$ cat query_10.cif   # mmCIF, C-alpha atoms
data_model
#
loop_
_atom_site.label_atom_id
_atom_site.label_comp_id
_atom_site.auth_asym_id
_atom_site.auth_seq_id
_atom_site.Cartn_x
_atom_site.Cartn_y
_atom_site.Cartn_z
CA MET A 1 0.00 0.00 0.00
CA GLN A 2 2.86 2.32 0.83
CA SER A 3 3.94 4.19 -2.31
CA SER A 4 7.53 5.17 -2.83
CA TYR A 5 6.65 8.78 -3.57
CA ALA A 6 5.15 9.22 -0.14
CA THR A 7 8.06 7.64 1.75
CA LYS A 8 9.99 10.88 2.01
CA LEU A 9 7.10 12.69 3.60
CA ILE A 10 6.28 9.74 5.87
CA ASP A 11 9.87 9.56 7.13
CA LEU A 12 9.86 13.26 7.83
CA ILE A 13 6.58 13.07 9.72
CA GLU A 14 7.67 10.00 11.69
CA SER A 15 10.94 11.52 12.85
CA LYS A 16 9.60 15.00 13.51
CA ALA A 17 6.11 14.20 14.84
CA GLU A 18 6.74 15.93 18.14
CA ASN A 19 8.21 19.07 16.57
CA ILE A 20 5.30 19.44 14.14
CA ALA A 21 2.80 18.71 16.92
CA LYS A 22 4.35 21.45 19.08
CA GLN A 23 4.10 23.98 16.27
CA TRP A 24 0.52 22.94 15.65
CA ALA A 25 -0.33 23.18 19.37
CA ALA A 26 1.13 26.69 19.56
CA ASP A 27 -1.04 27.72 16.60
CA VAL A 28 -4.29 26.03 17.62
CA MET A 29 -4.01 27.38 21.18
CA LYS A 30 -4.14 30.98 19.95
CA HIS A 31 -5.99 30.77 16.64
CA ASN A 32 -9.19 32.85 16.47
CA ARG A 33 -11.17 29.99 14.88
CA THR A 34 -10.30 27.59 17.69
CA PRO A 35 -11.00 29.62 20.86
CA SER A 36 -12.01 26.56 22.90
CA TYR A 37 -8.47 25.17 22.58
CA HIS A 38 -6.96 28.26 24.21
CA SER A 39 -7.61 27.03 27.73
CA LEU A 40 -6.75 23.33 27.20
CA ARG A 41 -3.70 21.69 28.73
CA LYS A 42 -0.80 22.01 26.31
CA ASP A 43 0.46 18.46 26.86
CA LEU A 44 -2.99 17.04 25.97
CA VAL A 45 -3.06 19.08 22.76
CA ILE A 46 0.49 18.07 21.81
CA GLU A 47 -0.31 14.41 22.51
CA GLN A 48 -3.24 14.53 20.07
CA GLY A 49 -0.96 16.13 17.48
CA VAL A 50 1.71 13.44 17.90
CA ASN A 51 -0.94 10.68 17.70
CA PHE A 52 -2.23 12.17 14.53
CA TYR A 53 1.13 12.52 12.82
CA ARG A 54 2.07 8.94 13.73
CA LEU A 55 -1.20 7.79 12.22
CA PHE A 56 0.09 8.84 8.84
CA ARG A 57 2.58 5.97 8.75
CA GLN A 58 0.11 3.49 10.21
CA MET A 59 -2.39 4.42 7.52
CA SER A 60 0.22 4.11 4.80
CA LEU A 61 1.04 0.58 5.98
CA ALA A 62 -2.54 -0.52 6.59
CA GLU A 63 -4.43 -2.70 4.17
CA ILE A 64 -7.57 -0.62 4.69
CA PRO A 65 -6.40 2.88 5.65
CA TYR A 66 -9.97 4.01 6.35
CA ASN A 67 -10.33 1.46 9.17
CA GLU A 68 -6.92 2.33 10.56
CA ALA A 69 -7.95 5.99 10.81
CA LYS A 70 -10.95 5.09 12.99
CA ASN A 71 -8.87 4.40 16.11
CA PHE A 72 -7.43 7.86 16.01
CA SER A 73 -10.62 9.65 14.90
CA TRP A 74 -12.83 8.14 17.59
CA LYS A 75 -10.36 8.85 20.37
CA TYR A 76 -9.87 12.40 19.09
CA ALA A 77 -13.65 12.98 18.89
CA GLU A 78 -14.31 11.49 22.34
CA GLU A 79 -11.57 13.48 24.07
CA PHE A 80 -12.48 16.82 22.53
CA TYR A 81 -16.23 16.27 22.86
CA GLN A 82 -15.71 15.67 26.57
CA GLN A 83 -13.64 18.86 26.72
CA LYS A 84 -16.71 20.66 25.26
CA ILE A 85 -14.92 21.63 22.05
CA PRO A 86 -17.52 22.46 19.34
CA LEU A 87 -17.29 20.29 16.24
CA HIS A 88 -16.33 23.10 13.85
CA GLU A 89 -13.37 23.93 16.08
CA ALA A 90 -12.31 20.30 16.35
CA LEU A 91 -12.39 20.08 12.53
CA TYR A 92 -10.51 23.32 12.12
CA ALA A 93 -7.85 22.01 14.49
CA LEU A 94 -7.49 19.01 12.15
CA ILE A 95 -7.20 21.35 9.20
CA LEU A 96 -4.41 23.17 11.03
CA MET A 97 -2.71 19.80 11.67
CA ARG A 98 -2.65 19.15 7.95
CA ARG A 99 -1.43 22.67 7.23
CA HIS A 100 1.42 22.36 9.74
CA LEU A 101 2.52 19.07 8.31
CA TRP A 102 2.77 20.65 4.92
CA LEU A 103 4.41 23.85 6.20
CA TYR A 104 7.05 21.77 7.96
CA ALA A 105 7.78 19.78 4.81
CA GLU A 106 8.11 22.99 2.79
CA PHE A 107 10.26 24.60 5.44
CA GLN A 108 12.58 21.59 5.44
CA GLY A 109 12.88 21.85 1.64
CA THR A 110 11.66 18.31 1.18
CA PHE A 111 10.53 18.80 -2.41
CA VAL A 112 13.11 20.71 -4.43
CA THR A 113 13.69 19.19 -7.86
CA ALA A 114 11.12 18.98 -10.68
CA LEU A 115 10.58 15.29 -9.97
CA GLU A 116 10.17 16.03 -6.30
CA LYS A 117 7.60 18.72 -7.17
CA GLN A 118 5.59 16.06 -8.96
CA GLN A 119 5.96 13.83 -5.93
CA ALA A 120 4.79 16.78 -3.85
CA VAL A 121 1.45 16.82 -5.69
CA GLU A 122 1.05 13.09 -5.07
CA SER A 123 2.05 13.36 -1.42
CA LEU A 124 -0.31 16.28 -0.99
CA ASN A 125 -3.14 14.25 -2.48
CA ARG A 126 -2.39 11.39 -0.13
CA THR A 127 -2.30 13.67 2.89
CA ILE A 128 -5.63 15.16 1.86
CA LEU A 129 -7.21 11.74 1.47
CA MET A 130 -6.16 10.83 4.98
CA PHE A 131 -7.57 14.08 6.36
CA ASP A 132 -10.80 13.52 4.47
CA TYR A 133 -11.24 10.15 6.20
CA VAL A 134 -10.46 11.59 9.62
CA SER A 135 -12.76 14.62 9.12
CA TYR A 136 -15.63 12.36 8.11
CA GLN A 137 -15.09 9.94 11.01
CA VAL A 138 -14.71 12.71 13.60
CA THR A 139 -17.92 14.39 12.39
CA GLU A 140 -19.79 11.09 12.48
CA LYS A 141 -18.51 10.29 15.97
CA TYR A 142 -19.36 13.75 17.30
CA GLN A 143 -22.94 13.31 16.16
CA GLU A 144 -23.08 9.87 17.72
CA LEU A 145 -21.83 11.31 21.01
CA ALA A 146 -24.35 14.16 20.82
CA ILE A 147 -27.18 11.68 20.24
CA ASP A 148 -25.99 9.52 23.16
CA ASN A 149 -26.00 12.64 25.27
CA VAL A 150 -29.61 13.37 24.29
CA ASN A 151 -30.50 9.75 24.98
CA LYS A 152 -29.15 10.07 28.50
CA LYS A 153 -30.95 13.35 29.15
CA LEU A 154 -34.26 12.39 27.57
CA GLY A 155 -34.12 8.67 28.27
CA GLY A 156 -37.00 8.58 30.78
CA VAL A 157 -39.15 11.04 28.88
CA LYS A 158 -38.52 9.22 25.62
CA SER A 159 -39.64 5.83 26.85
CA PHE A 160 -42.64 7.50 28.48
CA LEU A 161 -43.65 9.15 25.22
CA MET A 162 -42.87 6.16 23.09
CA GLY A 163 -45.96 4.70 24.75
CA LYS A 164 -44.28 2.02 26.79
CA LEU A 165 -45.91 3.40 29.92
CA ILE A 166 -49.57 3.95 30.70
CA GLY A 167 -51.76 2.86 27.87
CA GLY A 168 -49.32 1.78 25.19
CA THR A 169 -49.40 3.19 21.70
CA LYS A 170 -52.89 2.21 20.52
CA ASN A 171 -55.40 5.05 20.68
CA ILE A 172 -58.37 2.69 20.97
CA TYR A 173 -57.13 1.43 24.36
CA LYS A 174 -56.63 4.97 25.56
CA ILE A 175 -60.16 5.94 24.51
CA LEU A 176 -61.54 2.82 26.20
CA VAL A 177 -59.67 3.50 29.47
CA MET A 178 -60.77 7.16 29.39
CA ALA A 179 -64.41 6.21 28.75
CA ILE A 180 -64.38 3.85 31.75
CA LEU A 181 -62.83 6.53 33.97
CA LEU A 182 -65.36 9.16 32.84
CA ILE A 183 -68.29 6.80 33.43
CA ALA A 184 -66.87 6.06 36.89
CA ALA A 185 -66.61 9.82 37.51
CA CYS A 186 -70.28 10.27 36.57
CA VAL A 187 -71.35 7.45 38.92
CA ILE A 188 -69.24 8.73 41.85
CA THR A 189 -70.52 12.29 41.34
CA TYR A 190 -74.15 11.14 41.21
CA TYR A 191 -73.72 8.92 44.29
CA ASN A 192 -71.99 11.58 46.40
CA HIS A 193 -74.29 14.44 45.40
CA THR A 194 -77.50 12.46 45.89
CA THR A 195 -76.47 10.91 49.20
CA GLY A 196 -74.76 14.05 50.47
CA THR A 197 -71.56 12.11 51.35
CA ALA A 198 -68.92 14.54 52.58
CA VAL A 199 -65.99 12.81 50.87
CA VAL A 200 -63.81 15.06 48.66
CA PHE A 201 -64.14 12.63 45.75
CA THR A 202 -63.19 15.21 43.10
CA HIS A 203 -59.46 14.62 43.79
CA LEU A 204 -59.91 11.33 41.92
CA PHE A 205 -60.80 13.33 38.79
CA TYR A 206 -57.15 14.34 38.43
CA ILE A 207 -56.39 10.78 37.27
CA PRO A 208 -58.31 11.09 33.94
CA ILE A 209 -57.28 14.75 33.62
CA ILE A 210 -53.55 13.98 33.83
CA LEU A 211 -53.84 10.88 31.64
CA ALA A 212 -55.72 12.84 28.95
CA ALA A 213 -53.03 15.55 29.01
CA ILE A 214 -50.26 12.95 28.65
CA TRP A 215 -51.95 11.14 25.81
CA TRP A 216 -53.48 13.99 23.81
CA GLY A 217 -51.59 17.10 24.95
CA LYS A 218 -53.58 20.32 24.87
CA LYS A 219 -56.54 18.52 23.26
CA GLY A 220 -56.83 16.52 26.47
CA VAL A 221 -58.27 19.63 28.15
CA LEU A 222 -61.65 18.52 26.77
CA VAL A 223 -61.72 15.86 29.51
CA SER A 224 -61.17 18.60 32.11
CA VAL A 225 -64.01 20.63 30.59
CA PHE A 226 -66.29 17.58 30.67
CA LEU A 227 -65.52 16.88 34.35
CA ALA A 228 -65.89 20.56 35.27
CA ALA A 229 -69.29 20.64 33.54
CA LEU A 230 -70.24 17.39 35.26
CA ILE A 231 -69.73 18.66 38.81
CA LEU A 232 -71.32 22.03 38.07
CA LEU A 233 -74.44 20.52 36.45
CA SER A 234 -74.71 17.84 39.10
CA HIS A 235 -74.42 20.54 41.76
CA ALA A 236 -77.17 22.58 40.05
CA PHE A 237 -79.49 19.54 40.01
CA TYR A 238 -78.83 17.89 43.37
CA LEU A 239 -77.26 20.49 45.68
CA LYS A 240 -79.50 23.48 45.13
CA ASP A 241 -79.14 24.68 48.74
CA VAL A 242 -75.34 24.51 48.85
CA PRO A 243 -73.29 27.51 47.58
CA PHE A 244 -71.53 27.02 44.22
CA THR A 245 -68.19 28.49 45.31
CA ASP A 246 -66.29 25.27 46.18
CA ASP A 247 -67.33 23.39 43.04
CA ALA A 248 -66.69 26.46 40.86
CA VAL A 249 -63.10 26.59 42.19
CA ARG A 250 -62.69 22.82 41.65
CA SER A 251 -63.94 23.13 38.05
CA ALA A 252 -61.56 26.01 37.33
CA MET A 253 -58.66 23.97 38.77
CA PHE A 254 -59.52 20.97 36.53
CA ILE A 255 -59.25 23.16 33.43
CA ILE A 256 -56.07 24.93 34.58
CA ILE A 257 -54.28 21.69 35.54
CA GLY A 258 -55.40 19.90 32.34
CA GLY A 259 -54.32 22.84 30.19
CA VAL A 260 -50.90 23.29 31.84
CA VAL A 261 -50.02 19.58 31.80
CA GLY A 262 -51.26 19.29 28.18
CA TRP A 263 -49.12 22.24 27.13
CA LEU A 264 -46.09 20.75 28.90
CA MET A 265 -46.64 17.38 27.22
CA ASP A 266 -46.84 19.01 23.80
CA SER A 267 -43.46 20.65 24.50
CA VAL A 268 -41.97 17.33 25.57
CA LYS A 269 -43.31 15.73 22.36
CA LYS A 270 -41.52 18.39 20.32
CA LEU A 271 -38.29 17.45 22.11
CA LYS A 272 -38.95 13.83 21.23
CA GLU A 273 -39.37 14.76 17.56
CA LEU A 274 -36.07 16.59 17.69
CA TYR A 275 -34.45 13.49 19.10
CA GLU A 276 -35.97 11.35 16.34
CA SER A 277 -34.80 13.72 13.61
CA LEU A 278 -31.27 13.32 14.93
CA ALA A 279 -31.34 9.61 15.39
CA MET B 280 -1.52 33.16 -6.05
CA LYS B 281 -4.76 34.22 -7.69
CA ALA B 282 -3.19 34.42 -11.18
CA LEU B 283 -1.62 30.99 -10.83
CA ALA B 284 -4.88 29.44 -9.79
CA SER B 285 -7.02 31.17 -12.40
CA LYS B 286 -6.65 28.26 -14.83
CA LEU B 287 -8.37 25.93 -12.42
CA VAL B 288 -11.08 28.48 -11.61
CA ASP B 289 -11.72 29.12 -15.31
CA LEU B 290 -12.04 25.40 -15.89
CA THR B 291 -14.47 25.02 -12.99
CA GLN B 292 -16.49 28.00 -14.17
CA LYS B 293 -16.78 26.76 -17.76
CA ASN B 294 -17.55 23.19 -16.79
CA ALA B 295 -19.57 23.63 -13.62
CA GLU B 296 -22.45 21.58 -15.08
CA LYS B 297 -20.22 18.66 -16.12
CA ILE B 298 -18.35 18.58 -12.81
CA ALA B 299 -21.67 18.79 -10.97
CA TRP B 300 -23.00 15.87 -13.00
CA GLN B 301 -19.97 13.71 -12.18
CA TRP B 302 -20.22 14.66 -8.53
CA ALA B 303 -23.94 13.81 -8.49
CA LYS B 304 -23.20 10.37 -9.95
CA ASP B 305 -20.62 9.77 -7.26
CA VAL B 306 -22.63 11.06 -4.32
CA LYS B 307 -25.65 8.99 -5.37
CA SER B 308 -23.70 5.78 -5.09
CA ASN B 309 -21.08 6.50 -2.41
CA HIS B 310 -21.76 4.56 0.79
CA LYS B 311 -20.71 7.55 2.91
CA THR B 312 -23.49 9.72 1.46
CA ASN B 313 -26.55 7.49 1.86
CA SER B 314 -29.07 10.30 2.20
CA TYR B 315 -28.28 11.44 -1.36
CA HIS B 316 -29.04 8.05 -2.92
CA ASN B 317 -32.77 8.64 -3.37
CA ALA B 318 -32.59 12.35 -4.13
CA PRO B 319 -33.67 13.38 -7.66
CA GLU B 320 -30.60 13.74 -9.87
CA GLU B 321 -31.62 17.10 -11.37
CA LYS B 322 -32.07 18.51 -7.89
CA ILE B 323 -28.62 17.59 -6.65
CA ILE B 324 -26.95 18.61 -9.92
CA GLY B 325 -28.55 22.04 -9.50
CA GLN B 326 -27.34 22.07 -5.92
CA ALA B 327 -23.75 21.35 -6.97
CA ALA B 328 -23.82 23.78 -9.90
CA GLU B 329 -24.89 26.52 -7.49
CA PHE B 330 -22.16 25.45 -5.10
CA TYR B 331 -19.48 25.70 -7.79
CA LYS B 332 -20.77 29.16 -8.75
CA TYR B 333 -20.34 30.33 -5.16
CA PHE B 334 -16.98 28.59 -4.97
CA GLN B 335 -15.57 30.53 -7.96
CA GLU B 336 -16.90 33.75 -6.53
CA MET B 337 -15.22 32.99 -3.23
CA PHE B 338 -11.98 31.87 -4.89
CA SER B 339 -11.35 35.29 -6.40
CA HIS B 340 -12.74 37.31 -3.50
CA GLU B 341 -10.55 39.65 -1.46
CA THR B 342 -11.74 38.13 1.82
CA PRO B 343 -12.75 34.54 0.96
CA PHE B 344 -13.55 33.47 4.52
CA GLU B 345 -16.01 36.31 5.05
CA ARG B 346 -17.56 35.59 1.65
CA ALA B 347 -17.89 31.91 2.57
CA GLU B 348 -19.72 32.90 5.74
CA GLU B 349 -22.17 34.95 3.68
CA VAL B 350 -22.95 32.49 0.92
CA PHE B 351 -22.71 29.07 2.56
CA GLN B 352 -25.11 29.68 5.41
CA LYS B 353 -28.02 29.35 2.97
CA TYR B 354 -26.50 26.17 1.53
CA THR B 355 -26.19 24.74 5.06
CA ARG B 356 -29.76 25.58 6.02
CA GLN B 357 -31.03 23.88 2.86
CA ARG B 358 -29.10 20.64 3.53
CA HIS B 359 -30.18 20.66 7.16
CA ALA B 360 -33.82 21.15 6.15
CA GLU B 361 -33.49 18.23 3.71
CA GLY B 362 -32.43 16.04 6.64
CA VAL B 363 -28.89 15.35 5.39
CA PRO B 364 -26.79 14.25 8.41
CA LEU B 365 -23.81 16.50 9.09
CA HIS B 366 -21.12 13.88 8.37
CA GLU B 367 -22.72 13.17 5.00
CA ALA B 368 -22.95 16.87 4.20
CA VAL B 369 -19.24 17.19 5.02
CA TYR B 370 -18.36 14.18 2.88
CA ALA B 371 -20.41 15.56 -0.03
CA LEU B 372 -18.27 18.71 0.20
CA ILE B 373 -15.12 16.60 0.22
CA LEU B 374 -16.36 14.88 -2.94
CA MET B 375 -17.06 18.26 -4.54
CA ARG B 376 -13.46 19.27 -3.99
CA ARG B 377 -12.23 15.91 -5.27
CA HIS B 378 -14.28 16.25 -8.45
CA ILE B 379 -12.88 19.67 -9.27
CA TRP B 380 -9.42 18.18 -9.07
CA LEU B 381 -10.34 14.98 -10.90
CA TYR B 382 -11.82 17.00 -13.73
CA ALA B 383 -8.70 19.17 -13.92
CA GLU B 384 -6.48 16.06 -13.98
CA PHE B 385 -8.68 14.44 -16.59
CA GLN B 386 -8.40 17.55 -18.72
CA THR B 387 -4.62 17.50 -18.03
CA ILE B 388 -4.54 21.23 -17.54
CA PHE B 389 -1.19 21.05 -15.80
CA ILE B 390 0.83 19.10 -18.34
CA ALA B 391 4.12 20.92 -18.69
CA GLU B 392 6.76 20.29 -16.06
CA ALA B 393 6.84 23.98 -15.24
CA GLU B 394 3.18 23.78 -14.46
CA HIS B 395 3.60 21.36 -11.58
CA ARG B 396 4.37 24.25 -9.29
CA LYS B 397 1.15 25.89 -10.44
CA ALA B 398 -0.62 22.62 -9.78
CA VAL B 399 0.60 22.55 -6.18
CA GLU B 400 -0.42 26.15 -5.69
CA SER B 401 -3.83 25.68 -7.29
CA LEU B 402 -4.39 22.60 -5.21
CA SER B 403 -3.34 24.42 -2.05
CA ARG B 404 -5.70 27.31 -2.73
CA THR B 405 -8.60 24.97 -3.56
CA ILE B 406 -7.97 23.15 -0.29
CA LEU B 407 -7.85 26.41 1.63
CA MET B 408 -11.20 27.48 0.18
CA PHE B 409 -12.75 24.14 1.07
CA ASP B 410 -11.27 24.33 4.57
CA TYR B 411 -13.14 27.60 5.03
CA ILE B 412 -16.34 26.15 3.56
CA ILE B 413 -16.23 23.04 5.75
CA TYR B 414 -15.62 25.20 8.83
CA VAL B 415 -18.53 27.53 7.99
CA VAL B 416 -20.91 24.69 7.10
CA THR B 417 -20.07 22.68 10.24
CA LYS B 418 -20.41 25.71 12.49
CA GLU B 419 -23.80 26.60 11.03
CA TYR B 420 -25.01 22.98 11.13
CA TRP B 421 -23.97 22.59 14.75
CA LYS B 422 -25.88 25.78 15.55
CA LEU B 423 -28.97 24.51 13.76
CA MET B 424 -28.95 21.33 15.80
CA SER B 425 -30.69 22.31 19.03
CA PRO B 426 -28.53 23.61 21.89
CA GLU B 427 -29.84 20.66 23.93
CA VAL B 428 -28.25 18.31 21.43
CA THR B 429 -24.94 20.01 20.95
CA LYS B 430 -24.34 21.04 24.55
CA ASN B 431 -22.69 18.25 26.49
#

$ encode --input "query_10.cif" --output "structure tokens"
Amino acid sequence: MQSSYATKLIDLIESKAENIAKQWAADVMKHNRTPSYHSLRKDLVIEQGVNFYRLFRQMSLAEIPYNEAKNFSWKYAEEFYQQKIPLHEALYALILMRRHLWLYAEFQGTFVTALEKQQAVESLNRTILMFDYVSYQVTEKYQELAIDNVNKKLGGVKSFLMGKLIGGTKNIYKILVMAILLIAACVITYYNHTTGTAVVFTHLFYIPIILAAIWWGKKGVLVSVFLAALILLSHAFYLKDVPFTDDAVRSAMFIIIGGVVGWLMDSVKKLKELYESLA
Amino acid sequence: MKALASKLVDLTQKNAEKIAWQWAKDVKSNHKTNSYHNAPEEKIIGQAAEFYKYFQEMFSHETPFERAEEVFQKYTRQRHAEGVPLHEAVYALILMRRHIWLYAEFQTIFIAEAEHRKAVESLSRTILMFDYIIYVVTKEYWKLMSPEVTKN
């Protein structure tokens, strides 16, 4: 795999990896397109540079250079992602690595004669190919790490919204469960209002209200409206002598709670869609 | 530098459609650019032709980086809206650069020995322009991905 024309450049890189890496580190740690590198530890930056320059020989010797590049690219992406370096800066740092390699070769007068100039074009092409692989792999890995990060943050919410909890994904089951709960609410209301039982049964109504908000978002507020209407109408029919104040407050609370939770659930669903568009 | 590279720019300008067509063929079958495989050919050829037009403009501009920032933000937003993953968008750019050079080599525009120096310089300038483009595109893409996603 190793071509003779590239040997000169490879030898230079191999023997001077640390020198080139130091020059690169000095540049990247003050360059205006890589501000996040300015506060990193110099030895960490130099180490990445040395690793990269040594990769050049490994790639030249490898049967499948693309696979060989992965070891470096993934480590590079993981380390700099953890250091909170934005992707465009991590890529620009790679670009500077390539530039420094070439600057060093020029400075050392590696390609002087006409034949060597021709070799220079070929070596340059080879260097570019290697950088292309690394840039692609680093970008891919960064995205993977970002998605993992979202997974960790939204993990609970995601599985909740994916329908694994409470009611599954089929709407028919949700409608059935809601219908049973609403019928139960009607029966309890009728029983308590006609018998005059002093139990604060309306707290139970928050179960269908919250479920409706989770399942149908803001549209779920219709369940709150139904339950609010139920206690107000029932009060009007069966509790004519009792003041409306308490039940009016309860009804208002049903609608407020249903509306707020529904709005929150719609926002969470938007986050889920964002996650899906990334994954 | 600009004079030395003008041959390559002229070639790209005159043959933008042909280079775009070759690029489209490549990107539609390359396994690193899967999201382009089902895209309509005319659409992506148009996309590349527009890209090469901006590229020439940038190549001869006094401040190419600033020009890249102006023109490639729209390009980035379009790719992001089409749902092209960032690493594929970057690789498509890499292929665009490769096809300019492949076309130039195929046309053997740098035949004479004396022209090898020009070749190195043209190649270097093309790479520099693409370095700027990749930086601008990645930065914009990363911004478009929600802060929740990019903040670790």

$ closest_atom_pairs --input "query_10.cif" --of "chain A" --to "chain B" --cutoff "6 Å" --atoms "all atoms listed in the file" --output "JSON lines"
{"residue": "A:His88", "atom": "CA", "partner": "B:Lys418", "partner_atom": "CA", "distance": 5.0}
{"residue": "A:Val121", "atom": "CA", "partner": "B:Val399", "partner_atom": "CA", "distance": 5.8}
{"residue": "A:Tyr136", "atom": "CA", "partner": "B:His366", "partner_atom": "CA", "distance": 5.7}
{"residue": "A:Thr139", "atom": "CA", "partner": "B:His366", "partner_atom": "CA", "distance": 5.2}
{"residue": "A:Glu140", "atom": "CA", "partner": "B:His366", "partner_atom": "CA", "distance": 5.1}
{"residue": "A:Ala146", "atom": "CA", "partner": "B:Val428", "partner_atom": "CA", "distance": 5.7}
{"residue": "A:Val150", "atom": "CA", "partner": "B:Val428", "partner_atom": "CA", "distance": 5.9}

$ resolve_selection --input "query_10.cif" --expression "the PyMOL selection byres ((chain B and resi 321-337) around 9)" --output "PyMOL selection string"
chain B and resi 288-289+291-292+295-303+315+318-320+338-347+350-351+354+375+408-409+412

$ atom_distance --input "query_10.cif" --atom1 "atom CA of A:Ser234" --atom2 "atom CA of A:Trp215"
27.2 Å

$ resolve_selection --input "query_10.cif" --expression "the PyMOL selection byres ((chain A and resi 45) around 9)" --output "PyMOL selection string"
chain A and resi 21-22+24-25+28-29+37+40-44+46-50

$ closest_residue --input "query_10.cif" --among "A:Phe226, A:Phe80, A:Tyr92, A:Trp263" --to "A:Phe205" --atoms "all atoms listed in the file"
A:Phe226

$ atom_distance --input "query_10.cif" --atom1 "atom CA of B:Asn313" --atom2 "atom CA of A:Leu91"
21.7 Å

$ residues_around --input "query_10.cif" --residues "A:Gly259" --least-positions-apart "4" --cutoff "6 Å" --atoms "only C-alpha atoms" --output "compact mmCIF listing (two decimals) with C-alpha atoms, in the frame of the given file"
# COMPACT_ATOMS: atom_id res chain seq x y z
CA LYS A 218 -53.58 20.32 24.87
CA VAL A 221 -58.27 19.63 28.15
CA ILE A 255 -59.25 23.16 33.43

$ atom_distance --input "query_10.cif" --atom1 "atom CA of A:Ala228" --atom2 "atom CA of A:Val249"
9.6 Å

$ closest_residue --input "query_10.cif" --among "A:Thr202, A:Ala69, A:Thr197, A:Leu230" --to "A:Asp246" --atoms "all atoms listed in the file"
A:Thr202

$ closest_residue --input "query_10.cif" --among "B:Lys286, B:Leu423, B:His378, B:Asn294" --to "B:Gln357" --atoms "only C-alpha atoms"
B:Leu423

$ residues_near_point --input "query_10.cif" --point "(-54.0, 12.3, 34.0)" --cutoff "12 Å" --atoms "all atoms listed in the file" --output "VMD selection string"
chain A and resid 166 to 167 174 177 to 178 181 to 182 203 to 217 220 to 221 223 to 224 254 257 to 262 265

$ closest_residue --input "query_10.cif" --among "A:Lys84, A:Ile10, A:Ala93, A:Tyr133" --to "A:Tyr66" --atoms "all atoms listed in the file"
A:Tyr133

$ resolve_selection --input "query_10.cif" --expression "the PyMOL selection byres ((chain A and resi 134) around 10)" --output "PyMOL selection string"
chain A and resi 52+66+68-74+76-77+91+94+128-133+135-140

$ residues_around --input "query_10.cif" --residues "B:Asn317" --least-positions-apart "5" --cutoff "12 Å" --atoms "only C-alpha atoms" --output "list of chain:residue names"
B:Ala303, B:Lys304, B:Val306, B:Lys307, B:Ser308, B:Asn309, B:Thr312, B:Lys322, B:Ile323, B:Glu361, B:Val363

$ write_last_selection --input "query_10.cif" --atoms "C-alpha atoms" --output "short mmCIF file (atom, residue, chain, number, x, y, z; two decimals), keeping the file's coordinate frame"
data_model
loop_
_atom_site.label_atom_id
_atom_site.label_comp_id
_atom_site.auth_asym_id
_atom_site.auth_seq_id
_atom_site.Cartn_x
_atom_site.Cartn_y
_atom_site.Cartn_z
CA ALA B 303 -23.94 13.81 -8.49
CA LYS B 304 -23.20 10.37 -9.95
CA VAL B 306 -22.63 11.06 -4.32
CA LYS B 307 -25.65 8.99 -5.37
CA SER B 308 -23.70 5.78 -5.09
CA ASN B 309 -21.08 6.50 -2.41
CA THR B 312 -23.49 9.72 1.46
CA LYS B 322 -32.07 18.51 -7.89
CA ILE B 323 -28.62 17.59 -6.65
CA GLU B 361 -33.49 18.23 3.71
CA VAL B 363 -28.89 15.35 5.39
#

$ decode --input "query_10.cif" --residues "stretch 410-419 of chain B" --atoms "N, CA and C atoms" --output "mmCIF file, in the first residue's frame"
data_model
loop_
_atom_site.group_PDB
_atom_site.id
_atom_site.type_symbol
_atom_site.label_atom_id
_atom_site.label_comp_id
_atom_site.auth_asym_id
_atom_site.auth_seq_id
_atom_site.Cartn_x
_atom_site.Cartn_y
_atom_site.Cartn_z
ATOM 1 N N ASP B 410 -11.434 24.310 3.105
ATOM 2 C CA ASP B 410 -11.269 24.326 4.569
ATOM 3 C C ASP B 410 -12.209 25.359 5.169
ATOM 4 N N TYR B 411 -12.254 26.533 4.545
ATOM 5 C CA TYR B 411 -13.138 27.596 5.029
ATOM 6 C C TYR B 411 -14.600 27.137 4.929
ATOM 7 N N ILE B 412 -14.939 26.558 3.779
ATOM 8 C CA ILE B 412 -16.339 26.145 3.560
ATOM 9 C C ILE B 412 -16.752 25.099 4.596
ATOM 10 N N ILE B 413 -15.895 24.111 4.796
ATOM 11 C CA ILE B 413 -16.230 23.041 5.755
ATOM 12 C C ILE B 413 -16.394 23.622 7.167
ATOM 13 N N TYR B 414 -15.525 24.560 7.505
ATOM 14 C CA TYR B 414 -15.623 25.201 8.827
ATOM 15 C C TYR B 414 -16.959 25.935 8.968
ATOM 16 N N VAL B 415 -17.292 26.734 7.946
ATOM 17 C CA VAL B 415 -18.527 27.530 7.992
ATOM 18 C C VAL B 415 -19.754 26.617 8.034
ATOM 19 N N VAL B 416 -19.756 25.608 7.173
ATOM 20 C CA VAL B 416 -20.909 24.694 7.100
ATOM 21 C C VAL B 416 -21.082 23.940 8.430
ATOM 22 N N THR B 417 -19.983 23.432 8.977
ATOM 23 C CA THR B 417 -20.068 22.678 10.238
ATOM 24 C C THR B 417 -20.556 23.566 11.380
ATOM 25 N N LYS B 418 -20.032 24.778 11.414
ATOM 26 C CA LYS B 418 -20.414 25.713 12.486
ATOM 27 C C LYS B 418 -21.916 26.006 12.416
ATOM 28 N N GLU B 419 -22.386 26.269 11.215
ATOM 29 C CA GLU B 419 -23.804 26.599 11.032
ATOM 30 C C GLU B 419 -24.689 25.384 11.343
#
